[in-house]
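Please read the structure below before turning to the comments.
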Amino acid sequence: MIQLKNIHRYFQVGEQTVHALNDITLTINKGEYVSVMGPSGSGKSTLLNVIALLDKPSSGSYLLNNLNVIQRSDDELAKVRRENLGFVFQFFHLIPRLSAAENVEMPMILAGVAVKERKQRVADALASVNLQDRSSHRPDQLSGGQLQRVAIARAMIMRPEILLADEPTGNLDSKSGIEIIELLENLNQQGVTLVIITHDQTLGDRAPRQIRIVDGQIAY
Amino acid sequence: MLFKDTLAQAFGAISAQRLRAALIILAMAIGVASVIVLTTLGESARSYIVNEFEALGTHLVIVLPGRNETTGGHPPLFGETPRDLTLDDAEALFRSHHIAAVAPLTIGSAPVSTQGLERETNIFGSTYALRRVRHLMMAQGSFLPKMDVNKALSVCVIGQTIREQLFADQPALGQWLRINDRRFLVIGVLASEGQSIGVDFDEMVIIPVASAQALFDTHSLFRILIEAKSKQSMYQAVDEITGIIKARHEGEDDITIITQDSVVSTFDKILTALTLTVVSIAGISLVVAGVLVMNVMLVSVTQRTAEVGLLKALGATQRQLHWLFLTEAAMLSLAGALLGIALGLVCITILTTLYPDFPVQLPVWALLAALAVSLFTGLLFGVLPARKAAKLNPVVALGKR
């Protein structure tokens, strides 16, 4: 499913070259539940961005569903992202002027799904995260846990096979954090590949497979 | 992404920034309105003048004494004044087959008085043919009688303003009017013409040409107005007039002939150029509005960096983002253009109400051009911000909150 081989990523910061990812080789299979942990600055976010096709590695190969995604144009990558990947962010990243339903609808708008089908799928998605009565609320009228549930509904609306979560509970109280994690794990049990980035050890320990990143390298 | 959704998303983004959108629309509207109003004024002035001239008769030929031309060499010395045009010259022109009417003209200024009321006004000395050549209408009485041009009859025809001022509460017909020290019998009153190019017939007193020459002690004519039989024969008439006068002036070609259509086309050209100049100046305000649209859109892109990053993460292509922001700019411009048109129409309506005599007309092409130009500027200046949004790096963009 996700096959990374000898991935390097360099950043130019002023005069210095930062070696954010140093020879990462990693395979994640379909349906796996993986946590990526490491101290801040270790390169775990860069790794997620590379897996998410938001960032291009400086060298190395990356096969996503056996599709070589290294030498692709931005627009091709956008389509691959749209169909294969769902994102959950630490800061939710909901569009403030849109209602919960409209935020969830956005990926389908970009994909050009017909209006009628969109409404139905949005209603189903919001119901699956228990927010059917909050669909017309705007983000500033929702609590943190509710915001993250909207974000999860949005991430899953295109029915991607992979769900990438970057510190999904980082901005939540522990009770909502647990709710969100259980929601994500529930999706994993339905067959979605789940990759969670966290620096929270107890959270990371819940995953059957744990990857530690230190100084841009996978530590075994 | 469906077109309808692009429109809806762009509209949503605009409505989230009401005040800013309103200001930019206002700026665009002022630009569009000024273009429309100025084009309308220019066009109206042009058609007003062209119509006025055409109302004088489309095949009018005007003969002036003296030759207007630019030649090299020394400037003419004093004493080289051209020969005057005389009544005999005017009469001789009847020999041309292409001429329908000849109205010799002498103009002077003199005090006119009656029963203690006096004012200074312009005196036209002419013949009955003037009425035909200038398409004059009578309100009362009759025009100058058809008679020998050399005969100095003491009759006059007066304009409406003169009648009101000198014969306010009494019939003017049959009254005596004193011009200088001569008395003239009022035999007719001209119908009011409103404003007319060059001469205001409402303030005019018309007397037989021979009387005017006696009054002003001159033998020369100010000019000769000629109506050709048709538009086609006008140029032959011009040739014949030149020939006849040349023969009478010892072979000297010392007159200037102006044809109606050359005057019309000259005015047409001048006023068109003037309109274009004024409209170009107004167009600058449209460009300024375009820059404002660009500024607003750049701010919008900067403020929505995180949103753009998110859209990219959700699978928006560069083309989609491009169109999203371009649509936003186009919508702002279009709204500005429509408001501007409405504003312009209001201004024009006010002008029409204030100056009902002035024929204000809004040319359709100006309307369409203003609309097109504002949309074009909006899109043109929207390209840069849209490109900026589309090219944003999603990782960096998502990092901004």
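Identifiers in the structure tokens: chain A, B, ... in order shown; residue index from 1 per chain; ligand index from 1 in order shown.
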
Using only C-alpha atoms and a cut-off of 7 Å, which residues of chain A sit close to chain B? Please list them as a count of residues only.
15

Taking the backbone alone, and naming residues the way the document does, which bits of region 233-398 of chain B are alpha helix (DSSP H) by DSSP, as a CSV table (one decimal) with N, CA and C atoms, in the first residue's frame?
```csv
chain,number,residue,atom,x,y,z
B,233,SER,N,-25.5,67.4,-56.6
B,233,SER,CA,-25.1,68.5,-57.5
B,233,SER,C,-24.3,69.5,-56.7
B,234,MET,N,-24.1,69.3,-55.4
B,234,MET,CA,-23.4,70.2,-54.5
B,234,MET,C,-22.0,70.5,-55.0
B,235,TYR,N,-21.3,69.4,-55.4
B,235,TYR,CA,-19.9,69.6,-55.8
B,235,TYR,C,-19.8,70.3,-57.1
B,236,GLN,N,-20.7,70.0,-58.0
B,236,GLN,CA,-20.8,70.8,-59.3
B,236,GLN,C,-21.1,72.2,-59.0
B,237,ALA,N,-22.0,72.4,-58.1
B,237,ALA,CA,-22.3,73.8,-57.7
B,237,ALA,C,-21.1,74.6,-57.2
B,238,VAL,N,-20.3,73.9,-56.4
B,238,VAL,CA,-19.1,74.5,-55.9
B,238,VAL,C,-18.2,74.9,-57.0
B,239,ASP,N,-18.0,74.0,-58.0
B,239,ASP,CA,-17.1,74.3,-59.1
B,239,ASP,C,-17.7,75.5,-59.9
B,240,GLU,N,-19.0,75.5,-60.1
B,240,GLU,CA,-19.5,76.6,-60.9
B,240,GLU,C,-19.4,77.9,-60.2
B,241,ILE,N,-19.7,77.9,-58.8
B,241,ILE,CA,-19.6,79.1,-58.0
B,241,ILE,C,-18.2,79.7,-58.2
B,242,THR,N,-17.2,78.8,-58.0
B,242,THR,CA,-15.8,79.2,-58.2
B,242,THR,C,-15.5,79.9,-59.5
B,243,GLY,N,-16.1,79.2,-60.6
B,243,GLY,CA,-15.9,79.7,-61.9
B,243,GLY,C,-16.6,81.1,-62.1
B,244,ILE,N,-17.8,81.2,-61.6
B,244,ILE,CA,-18.5,82.5,-61.8
B,244,ILE,C,-17.8,83.6,-61.1
B,245,ILE,N,-17.5,83.4,-59.8
B,245,ILE,CA,-16.9,84.5,-59.1
B,245,ILE,C,-15.5,84.8,-59.6
B,246,LYS,N,-14.8,83.8,-60.1
B,246,LYS,CA,-13.4,84.1,-60.6
B,246,LYS,C,-13.5,85.0,-61.8
B,247,ALA,N,-14.5,84.6,-62.7
B,247,ALA,CA,-14.7,85.5,-63.9
B,247,ALA,C,-15.1,86.9,-63.5
B,248,ARG,N,-15.8,87.1,-62.5
B,248,ARG,CA,-16.2,88.4,-62.1
B,248,ARG,C,-15.1,89.1,-61.3
B,260,GLN,N,-21.6,72.2,-46.4
B,260,GLN,CA,-22.2,71.7,-45.2
B,260,GLN,C,-21.5,70.4,-44.7
B,261,ASP,N,-21.4,69.5,-45.6
B,261,ASP,CA,-20.9,68.2,-45.0
B,261,ASP,C,-19.4,68.2,-44.6
B,262,SER,N,-18.6,69.2,-45.1
B,262,SER,CA,-17.3,69.2,-44.6
B,262,SER,C,-17.3,69.8,-43.2
B,263,VAL,N,-18.2,70.8,-43.0
B,263,VAL,CA,-18.3,71.3,-41.6
B,263,VAL,C,-18.7,70.3,-40.7
B,264,VAL,N,-19.8,69.5,-41.1
B,264,VAL,CA,-20.3,68.5,-40.2
B,264,VAL,C,-19.2,67.4,-39.9
B,265,SER,N,-18.5,67.0,-40.9
B,265,SER,CA,-17.5,66.0,-40.7
B,265,SER,C,-16.4,66.5,-39.8
B,266,THR,N,-16.0,67.8,-40.0
B,266,THR,CA,-15.0,68.3,-39.2
B,266,THR,C,-15.4,68.3,-37.7
B,267,PHE,N,-16.6,68.8,-37.5
B,267,PHE,CA,-17.1,68.8,-36.1
B,267,PHE,C,-17.2,67.4,-35.5
B,268,ASP,N,-17.7,66.5,-36.4
B,268,ASP,CA,-17.8,65.1,-36.0
B,268,ASP,C,-16.5,64.6,-35.5
B,269,LYS,N,-15.4,64.9,-36.3
B,269,LYS,CA,-14.1,64.4,-36.0
B,269,LYS,C,-13.6,65.0,-34.7
B,270,ILE,N,-13.7,66.3,-34.6
B,270,ILE,CA,-13.2,67.0,-33.4
B,270,ILE,C,-13.9,66.5,-32.2
B,271,LEU,N,-15.2,66.3,-32.2
B,271,LEU,CA,-15.9,65.9,-31.0
B,271,LEU,C,-15.7,64.5,-30.7
B,272,THR,N,-15.5,63.7,-31.7
B,272,THR,CA,-15.2,62.3,-31.4
B,272,THR,C,-13.9,62.2,-30.7
B,273,ALA,N,-12.9,62.9,-31.2
B,273,ALA,CA,-11.6,62.9,-30.6
B,273,ALA,C,-11.7,63.4,-29.2
B,274,LEU,N,-12.5,64.4,-29.0
B,274,LEU,CA,-12.7,65.0,-27.6
B,274,LEU,C,-13.3,64.0,-26.7
B,275,THR,N,-14.3,63.3,-27.2
B,275,THR,CA,-15.0,62.3,-26.4
B,275,THR,C,-14.0,61.2,-26.0
B,276,LEU,N,-13.3,60.7,-27.0
B,276,LEU,CA,-12.3,59.6,-26.7
B,276,LEU,C,-11.3,60.1,-25.7
B,277,THR,N,-10.8,61.3,-25.8
B,277,THR,CA,-9.9,61.8,-24.8
B,277,THR,C,-10.4,61.8,-23.4
B,278,VAL,N,-11.6,62.4,-23.3
B,278,VAL,CA,-12.3,62.5,-22.0
B,278,VAL,C,-12.5,61.1,-21.4
B,279,VAL,N,-13.0,60.2,-22.3
B,279,VAL,CA,-13.3,58.8,-21.8
B,279,VAL,C,-12.0,58.1,-21.4
B,280,SER,N,-10.9,58.3,-22.1
B,280,SER,CA,-9.6,57.7,-21.7
B,280,SER,C,-9.2,58.1,-20.3
B,281,ILE,N,-9.5,59.4,-20.1
B,281,ILE,CA,-9.1,59.9,-18.7
B,281,ILE,C,-10.0,59.2,-17.7
B,282,ALA,N,-11.3,59.1,-18.0
B,282,ALA,CA,-12.1,58.3,-17.1
B,282,ALA,C,-11.7,56.9,-17.0
B,283,GLY,N,-11.2,56.4,-18.1
B,283,GLY,CA,-10.7,55.0,-18.1
B,283,GLY,C,-9.6,54.7,-17.1
B,284,ILE,N,-8.8,55.8,-16.8
B,284,ILE,CA,-7.8,55.6,-15.8
B,284,ILE,C,-8.3,55.2,-14.5
B,285,SER,N,-9.5,55.8,-14.2
B,285,SER,CA,-10.1,55.4,-12.9
B,285,SER,C,-10.5,53.9,-12.9
B,286,LEU,N,-10.8,53.4,-14.1
B,286,LEU,CA,-11.1,52.0,-14.2
B,286,LEU,C,-9.8,51.2,-13.9
B,287,VAL,N,-8.7,51.6,-14.4
B,287,VAL,CA,-7.4,50.9,-14.1
B,287,VAL,C,-7.1,51.0,-12.7
B,288,VAL,N,-7.3,52.2,-12.1
B,288,VAL,CA,-7.1,52.3,-10.6
B,288,VAL,C,-8.0,51.3,-9.9
B,289,ALA,N,-9.2,51.2,-10.3
B,289,ALA,CA,-10.1,50.2,-9.7
B,289,ALA,C,-9.6,48.8,-9.8
B,290,GLY,N,-9.0,48.5,-11.0
B,290,GLY,CA,-8.4,47.2,-11.2
B,290,GLY,C,-7.3,46.9,-10.3
B,291,VAL,N,-6.5,47.9,-10.1
B,291,VAL,CA,-5.4,47.8,-9.1
B,291,VAL,C,-5.9,47.5,-7.7
B,292,LEU,N,-7.0,48.2,-7.4
B,292,LEU,CA,-7.6,48.0,-6.1
B,292,LEU,C,-8.1,46.5,-6.0
B,293,VAL,N,-8.8,46.1,-7.1
B,293,VAL,CA,-9.2,44.7,-7.0
B,293,VAL,C,-8.1,43.7,-6.8
B,294,MET,N,-6.9,44.0,-7.4
B,294,MET,CA,-5.8,43.2,-7.3
B,294,MET,C,-5.3,43.2,-5.8
B,295,ASN,N,-5.3,44.4,-5.2
B,295,ASN,CA,-4.8,44.6,-3.9
B,295,ASN,C,-5.7,43.8,-2.9
B,296,VAL,N,-7.0,43.9,-3.1
B,296,VAL,CA,-8.0,43.2,-2.2
B,296,VAL,C,-7.8,41.7,-2.4
B,297,MET,N,-7.6,41.3,-3.6
B,297,MET,CA,-7.5,39.9,-3.9
B,297,MET,C,-6.2,39.3,-3.2
B,298,LEU,N,-5.1,40.1,-3.3
B,298,LEU,CA,-3.9,39.7,-2.7
B,298,LEU,C,-4.0,39.6,-1.2
B,299,VAL,N,-4.7,40.5,-0.6
B,299,VAL,CA,-4.9,40.5,0.8
B,299,VAL,C,-5.8,39.2,1.1
B,300,SER,N,-6.7,39.0,0.3
B,300,SER,CA,-7.6,37.9,0.5
B,300,SER,C,-6.9,36.5,0.4
B,301,VAL,N,-5.9,36.4,-0.6
B,301,VAL,CA,-5.1,35.2,-0.7
B,301,VAL,C,-4.3,35.1,0.6
B,302,THR,N,-3.7,36.2,1.0
B,302,THR,CA,-2.8,36.1,2.2
B,302,THR,C,-3.5,35.7,3.4
B,303,GLN,N,-4.7,36.3,3.6
B,303,GLN,CA,-5.5,35.9,4.8
B,303,GLN,C,-6.0,34.5,4.7
B,305,THR,N,-4.5,31.9,3.4
B,305,THR,CA,-3.4,31.0,3.1
B,305,THR,C,-3.7,29.6,3.6
B,306,ALA,N,-4.1,29.5,4.9
B,306,ALA,CA,-4.4,28.2,5.5
B,306,ALA,C,-5.5,27.5,4.7
B,307,GLU,N,-6.5,28.3,4.3
B,307,GLU,CA,-7.6,27.7,3.6
B,307,GLU,C,-7.1,27.1,2.3
B,308,VAL,N,-6.3,27.9,1.6
B,308,VAL,CA,-5.8,27.4,0.3
B,308,VAL,C,-5.0,26.2,0.5
B,309,GLY,N,-4.1,26.1,1.6
B,309,GLY,CA,-3.4,24.9,1.9
B,309,GLY,C,-4.3,23.7,2.1
B,310,LEU,N,-5.3,24.0,2.9
B,310,LEU,CA,-6.3,22.9,3.2
B,310,LEU,C,-6.9,22.4,1.9
B,311,LEU,N,-7.4,23.4,1.0
B,311,LEU,CA,-8.0,22.9,-0.2
B,311,LEU,C,-7.1,22.1,-1.0
B,312,LYS,N,-5.8,22.5,-1.0
B,312,LYS,CA,-4.8,21.7,-1.8
B,312,LYS,C,-4.7,20.3,-1.1
B,313,ALA,N,-4.7,20.2,0.2
B,313,ALA,CA,-4.6,18.9,0.9
B,313,ALA,C,-5.9,18.1,0.5
B,318,GLN,N,-4.4,23.1,-9.1
B,318,GLN,CA,-4.0,24.5,-9.3
B,318,GLN,C,-5.0,25.2,-10.1
B,319,ARG,N,-5.5,24.5,-11.1
B,319,ARG,CA,-6.5,25.1,-12.0
B,319,ARG,C,-7.8,25.5,-11.2
B,320,GLN,N,-8.2,24.6,-10.4
B,320,GLN,CA,-9.4,24.9,-9.6
B,320,GLN,C,-9.2,26.1,-8.7
B,321,LEU,N,-8.0,26.2,-8.0
B,321,LEU,CA,-7.8,27.4,-7.2
B,321,LEU,C,-7.7,28.6,-8.0
B,322,HIS,N,-7.0,28.5,-9.1
B,322,HIS,CA,-6.9,29.6,-10.1
B,322,HIS,C,-8.3,30.2,-10.4
B,323,TRP,N,-9.2,29.3,-10.8
B,323,TRP,CA,-10.5,29.7,-11.2
B,323,TRP,C,-11.3,30.3,-10.0
B,324,LEU,N,-11.1,29.7,-8.8
B,324,LEU,CA,-11.8,30.1,-7.7
B,324,LEU,C,-11.5,31.6,-7.4
B,325,PHE,N,-10.2,31.9,-7.4
B,325,PHE,CA,-9.9,33.3,-7.1
B,325,PHE,C,-10.2,34.3,-8.3
B,326,LEU,N,-10.1,33.8,-9.5
B,326,LEU,CA,-10.4,34.6,-10.7
B,326,LEU,C,-11.9,34.9,-10.7
B,327,THR,N,-12.7,33.9,-10.3
B,327,THR,CA,-14.1,34.1,-10.3
B,327,THR,C,-14.5,35.1,-9.2
B,328,GLU,N,-13.8,35.1,-8.1
B,328,GLU,CA,-14.0,36.1,-7.1
B,328,GLU,C,-13.7,37.5,-7.6
B,329,ALA,N,-12.6,37.6,-8.3
B,329,ALA,CA,-12.3,39.0,-8.8
B,329,ALA,C,-13.3,39.4,-9.9
B,330,ALA,N,-13.7,38.4,-10.7
B,330,ALA,CA,-14.6,38.7,-11.8
B,330,ALA,C,-16.0,39.2,-11.2
B,331,MET,N,-16.4,38.5,-10.1
B,331,MET,CA,-17.7,38.8,-9.5
B,331,MET,C,-17.6,40.2,-8.9
B,332,LEU,N,-16.5,40.5,-8.2
B,332,LEU,CA,-16.4,41.9,-7.7
B,332,LEU,C,-16.5,42.9,-8.8
B,333,SER,N,-15.7,42.7,-9.9
B,333,SER,CA,-15.7,43.6,-11.0
B,333,SER,C,-17.1,43.8,-11.6
B,334,LEU,N,-17.8,42.6,-11.8
B,334,LEU,CA,-19.1,42.6,-12.5
B,334,LEU,C,-20.1,43.4,-11.6
B,335,ALA,N,-20.0,43.1,-10.3
B,335,ALA,CA,-20.9,43.8,-9.4
B,335,ALA,C,-20.6,45.3,-9.5
B,336,GLY,N,-19.3,45.7,-9.5
B,336,GLY,CA,-19.0,47.1,-9.6
B,336,GLY,C,-19.5,47.7,-10.9
B,337,ALA,N,-19.3,46.9,-12.0
B,337,ALA,CA,-19.8,47.4,-13.3
B,337,ALA,C,-21.3,47.6,-13.3
B,338,LEU,N,-22.0,46.7,-12.7
B,338,LEU,CA,-23.5,46.8,-12.8
B,338,LEU,C,-23.9,48.0,-11.9
B,339,LEU,N,-23.3,48.1,-10.7
B,339,LEU,CA,-23.6,49.3,-9.9
B,339,LEU,C,-23.2,50.6,-10.6
B,340,GLY,N,-22.0,50.5,-11.3
B,340,GLY,CA,-21.6,51.7,-12.0
B,340,GLY,C,-22.5,52.1,-13.1
B,341,ILE,N,-23.1,51.1,-13.8
B,341,ILE,CA,-24.0,51.4,-14.8
B,341,ILE,C,-25.3,52.1,-14.2
B,342,ALA,N,-25.7,51.5,-13.1
B,342,ALA,CA,-26.9,52.1,-12.4
B,342,ALA,C,-26.6,53.5,-12.0
B,343,LEU,N,-25.4,53.7,-11.5
B,343,LEU,CA,-25.0,55.1,-11.0
B,343,LEU,C,-25.0,56.0,-12.2
B,344,GLY,N,-24.4,55.5,-13.3
B,344,GLY,CA,-24.3,56.3,-14.5
B,344,GLY,C,-25.7,56.7,-15.0
B,345,LEU,N,-26.6,55.8,-15.0
B,345,LEU,CA,-27.9,56.0,-15.5
B,345,LEU,C,-28.6,57.1,-14.6
B,346,VAL,N,-28.4,57.0,-13.3
B,346,VAL,CA,-29.0,58.0,-12.4
B,346,VAL,C,-28.4,59.3,-12.8
B,347,CYS,N,-27.1,59.4,-12.9
B,347,CYS,CA,-26.5,60.7,-13.3
B,347,CYS,C,-27.1,61.3,-14.6
B,348,ILE,N,-27.2,60.4,-15.6
B,348,ILE,CA,-27.8,60.8,-16.9
B,348,ILE,C,-29.2,61.3,-16.7
B,349,THR,N,-30.0,60.6,-15.9
B,349,THR,CA,-31.4,61.0,-15.7
B,349,THR,C,-31.4,62.4,-15.0
B,350,ILE,N,-30.5,62.6,-14.0
B,350,ILE,CA,-30.5,63.9,-13.4
B,350,ILE,C,-30.2,65.0,-14.4
B,351,LEU,N,-29.2,64.7,-15.3
B,351,LEU,CA,-28.8,65.7,-16.3
B,351,LEU,C,-29.9,66.0,-17.2
B,352,THR,N,-30.6,64.9,-17.6
B,352,THR,CA,-31.8,65.1,-18.5
B,352,THR,C,-32.8,66.0,-17.9
B,353,THR,N,-33.0,65.8,-16.6
B,353,THR,CA,-34.0,66.6,-15.9
B,353,THR,C,-33.6,68.0,-15.8
B,354,LEU,N,-32.3,68.2,-15.5
B,354,LEU,CA,-31.8,69.6,-15.4
B,354,LEU,C,-31.7,70.3,-16.7
B,364,VAL,N,-25.2,52.5,-26.7
B,364,VAL,CA,-25.2,51.1,-26.2
B,364,VAL,C,-23.8,50.6,-26.2
B,365,TRP,N,-23.0,51.0,-27.2
B,365,TRP,CA,-21.6,50.5,-27.3
B,365,TRP,C,-20.8,50.9,-26.0
B,366,ALA,N,-21.1,52.1,-25.5
B,366,ALA,CA,-20.4,52.6,-24.4
B,366,ALA,C,-20.7,51.8,-23.1
B,367,LEU,N,-22.0,51.4,-23.1
B,367,LEU,CA,-22.5,50.6,-22.0
B,367,LEU,C,-21.7,49.2,-22.0
B,368,LEU,N,-21.7,48.6,-23.2
B,368,LEU,CA,-21.1,47.3,-23.3
B,368,LEU,C,-19.6,47.4,-23.1
B,369,ALA,N,-19.0,48.5,-23.6
B,369,ALA,CA,-17.6,48.7,-23.5
B,369,ALA,C,-17.2,48.8,-22.0
B,370,ALA,N,-18.0,49.6,-21.3
B,370,ALA,CA,-17.6,49.8,-19.9
B,370,ALA,C,-17.7,48.5,-19.1
B,371,LEU,N,-18.8,47.7,-19.4
B,371,LEU,CA,-18.9,46.4,-18.8
B,371,LEU,C,-17.8,45.5,-19.1
B,372,ALA,N,-17.4,45.5,-20.4
B,372,ALA,CA,-16.3,44.6,-20.8
B,372,ALA,C,-15.0,45.0,-20.2
B,373,VAL,N,-14.7,46.3,-20.3
B,373,VAL,CA,-13.4,46.8,-19.8
B,373,VAL,C,-13.3,46.5,-18.3
B,374,SER,N,-14.4,46.7,-17.5
B,374,SER,CA,-14.3,46.5,-16.1
B,374,SER,C,-14.1,45.0,-15.8
B,375,LEU,N,-14.8,44.2,-16.5
B,375,LEU,CA,-14.6,42.8,-16.3
B,375,LEU,C,-13.2,42.4,-16.7
B,376,PHE,N,-12.7,42.9,-17.8
B,376,PHE,CA,-11.4,42.6,-18.3
B,376,PHE,C,-10.3,43.1,-17.2
B,377,THR,N,-10.5,44.3,-16.7
B,377,THR,CA,-9.5,44.8,-15.7
B,377,THR,C,-9.5,43.9,-14.5
B,378,GLY,N,-10.8,43.5,-14.1
B,378,GLY,CA,-10.9,42.7,-12.9
B,378,GLY,C,-10.2,41.4,-13.1
B,379,LEU,N,-10.4,40.8,-14.2
B,379,LEU,CA,-9.8,39.5,-14.5
B,379,LEU,C,-8.2,39.6,-14.6
B,380,LEU,N,-7.9,40.7,-15.4
B,380,LEU,CA,-6.4,40.9,-15.6
B,380,LEU,C,-5.7,41.1,-14.3
B,381,PHE,N,-6.3,41.9,-13.4
B,381,PHE,CA,-5.6,42.1,-12.1
B,381,PHE,C,-5.9,41.0,-11.1
B,382,GLY,N,-6.8,40.1,-11.5
B,382,GLY,CA,-7.1,39.0,-10.6
B,382,GLY,C,-6.2,37.8,-10.9
B,383,VAL,N,-5.5,37.9,-12.0
B,383,VAL,CA,-4.6,36.8,-12.4
B,383,VAL,C,-3.5,36.6,-11.4
B,384,LEU,N,-2.8,37.7,-11.1
B,384,LEU,CA,-1.7,37.6,-10.2
B,384,LEU,C,-2.0,37.0,-8.9
B,385,PRO,N,-3.0,37.5,-8.2
B,385,PRO,CA,-3.4,36.9,-6.9
B,385,PRO,C,-3.8,35.4,-7.0
B,386,ALA,N,-4.5,35.1,-8.1
B,386,ALA,CA,-5.0,33.8,-8.3
B,386,ALA,C,-3.8,32.8,-8.5
B,387,ARG,N,-2.8,33.3,-9.3
B,387,ARG,CA,-1.7,32.5,-9.5
B,387,ARG,C,-0.9,32.3,-8.2
B,388,LYS,N,-0.9,33.4,-7.4
B,388,LYS,CA,-0.2,33.3,-6.1
B,388,LYS,C,-0.8,32.2,-5.3
B,389,ALA,N,-2.1,32.2,-5.2
B,389,ALA,CA,-2.8,31.2,-4.4
B,389,ALA,C,-2.6,29.8,-5.0
B,390,ALA,N,-2.6,29.6,-6.3
B,390,ALA,CA,-2.5,28.3,-6.9
B,390,ALA,C,-1.1,27.7,-6.6
B,394,PRO,N,1.6,23.7,-0.1
B,394,PRO,CA,0.6,23.3,0.8
B,394,PRO,C,1.1,23.1,2.3
B,395,VAL,N,2.3,22.6,2.4
B,395,VAL,CA,2.9,22.3,3.7
B,395,VAL,C,3.0,23.7,4.5
B,396,VAL,N,3.6,24.7,3.8
B,396,VAL,CA,3.8,26.0,4.4
B,396,VAL,C,2.5,26.6,4.6
B,397,ALA,N,1.6,26.5,3.6
B,397,ALA,CA,0.3,27.1,3.8
B,397,ALA,C,-0.5,26.6,5.0
B,398,LEU,N,-0.4,25.3,5.1
B,398,LEU,CA,-1.2,24.7,6.3
B,398,LEU,C,-0.6,25.1,7.6
```

Near region 121-132 of chain B, within 6 Å and counting only C-alpha atoms, which residues show up once chain neighbours fewer than 3 positions away are dropped, as number ranges by chain?
B: 103-110, 135-136, 144-146, 204-209, 212

Go ahead and dump the residues you just picked, N, CA and C atoms, as a JSON list (two decimals), in the first residue's frame.
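Okay, this is what ended up in out.json:
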```json
[["chain", "number", "residue", "atom", "x", "y", "z"],
["B", 103, "ALA", "N", -28.90, 83.16, -50.83],
["B", 103, "ALA", "CA", -29.26, 84.17, -49.83],
["B", 103, "ALA", "C", -28.02, 84.97, -49.47],
["B", 104, "PRO", "N", -27.90, 86.19, -50.00],
["B", 104, "PRO", "CA", -26.77, 87.02, -49.61],
["B", 104, "PRO", "C", -26.98, 87.49, -48.17],
["B", 105, "LEU", "N", -25.88, 87.75, -47.47],
["B", 105, "LEU", "CA", -25.99, 88.05, -46.06],
["B", 105, "LEU", "C", -25.08, 89.21, -45.69],
["B", 106, "THR", "N", -25.70, 90.20, -45.04],
["B", 106, "THR", "CA", -24.91, 91.28, -44.45],
["B", 106, "THR", "C", -25.25, 91.29, -42.97],
["B", 107, "ILE", "N", -24.24, 91.40, -42.12],
["B", 107, "ILE", "CA", -24.51, 91.36, -40.69],
["B", 107, "ILE", "C", -23.94, 92.60, -40.03],
["B", 108, "GLY", "N", -24.70, 93.16, -39.12],
["B", 108, "GLY", "CA", -24.19, 94.29, -38.38],
["B", 108, "GLY", "C", -24.89, 94.35, -37.05],
["B", 109, "SER", "N", -24.38, 95.20, -36.19],
["B", 109, "SER", "CA", -25.00, 95.35, -34.89],
["B", 109, "SER", "C", -25.50, 96.78, -34.78],
["B", 110, "ALA", "N", -26.71, 96.93, -34.29],
["B", 110, "ALA", "CA", -27.26, 98.27, -34.19],
["B", 110, "ALA", "C", -28.27, 98.32, -33.07],
["B", 135, "HIS", "N", -34.06, 77.21, -43.21],
["B", 135, "HIS", "CA", -35.26, 76.51, -42.72],
["B", 135, "HIS", "C", -35.93, 77.27, -41.57],
["B", 136, "LEU", "N", -36.17, 78.54, -41.76],
["B", 136, "LEU", "CA", -36.77, 79.34, -40.68],
["B", 136, "LEU", "C", -38.28, 79.15, -40.69],
["B", 144, "LEU", "N", -39.60, 88.18, -45.30],
["B", 144, "LEU", "CA", -39.31, 89.24, -46.27],
["B", 144, "LEU", "C", -39.96, 88.91, -47.60],
["B", 145, "PRO", "N", -40.55, 89.87, -48.28],
["B", 145, "PRO", "CA", -41.21, 89.57, -49.55],
["B", 145, "PRO", "C", -40.20, 89.28, -50.65],
["B", 146, "LYS", "N", -40.69, 88.59, -51.66],
["B", 146, "LYS", "CA", -39.85, 88.29, -52.81],
["B", 146, "LYS", "C", -39.78, 89.56, -53.65],
["B", 204, "MET", "N", -32.71, 88.10, -33.24],
["B", 204, "MET", "CA", -32.34, 88.64, -34.55],
["B", 204, "MET", "C", -33.41, 89.57, -35.10],
["B", 205, "VAL", "N", -32.91, 90.56, -35.84],
["B", 205, "VAL", "CA", -33.83, 91.37, -36.65],
["B", 205, "VAL", "C", -33.37, 91.22, -38.10],
["B", 206, "ILE", "N", -34.28, 90.76, -38.95],
["B", 206, "ILE", "CA", -33.91, 90.52, -40.35],
["B", 206, "ILE", "C", -34.56, 91.61, -41.21],
["B", 207, "ILE", "N", -33.73, 92.23, -42.02],
["B", 207, "ILE", "CA", -34.24, 93.28, -42.92],
["B", 207, "ILE", "C", -33.74, 92.98, -44.32],
["B", 208, "PRO", "N", -34.31, 93.58, -45.35],
["B", 208, "PRO", "CA", -33.81, 93.35, -46.71],
["B", 208, "PRO", "C", -32.34, 93.73, -46.82],
["B", 209, "VAL", "N", -31.61, 92.98, -47.66],
["B", 209, "VAL", "CA", -30.16, 93.16, -47.72],
["B", 209, "VAL", "C", -29.76, 94.57, -48.16],
["B", 212, "ALA", "N", -29.99, 96.82, -45.27],
["B", 212, "ALA", "CA", -28.88, 96.62, -44.34],
["B", 212, "ALA", "C", -27.61, 97.28, -44.84]]
```

Out of B:Ile226, B:Ala8, B:Leu215, B:Leu221, which residue has the shortest atom-to-atom distance to Ala152 (chain B) when counting only C-alpha atoms?
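Of B:Ile226, B:Ala8, B:Leu215, B:Leu221, the one nearest Ala152 (chain B), counting only C-alpha atoms, is B:Leu215.
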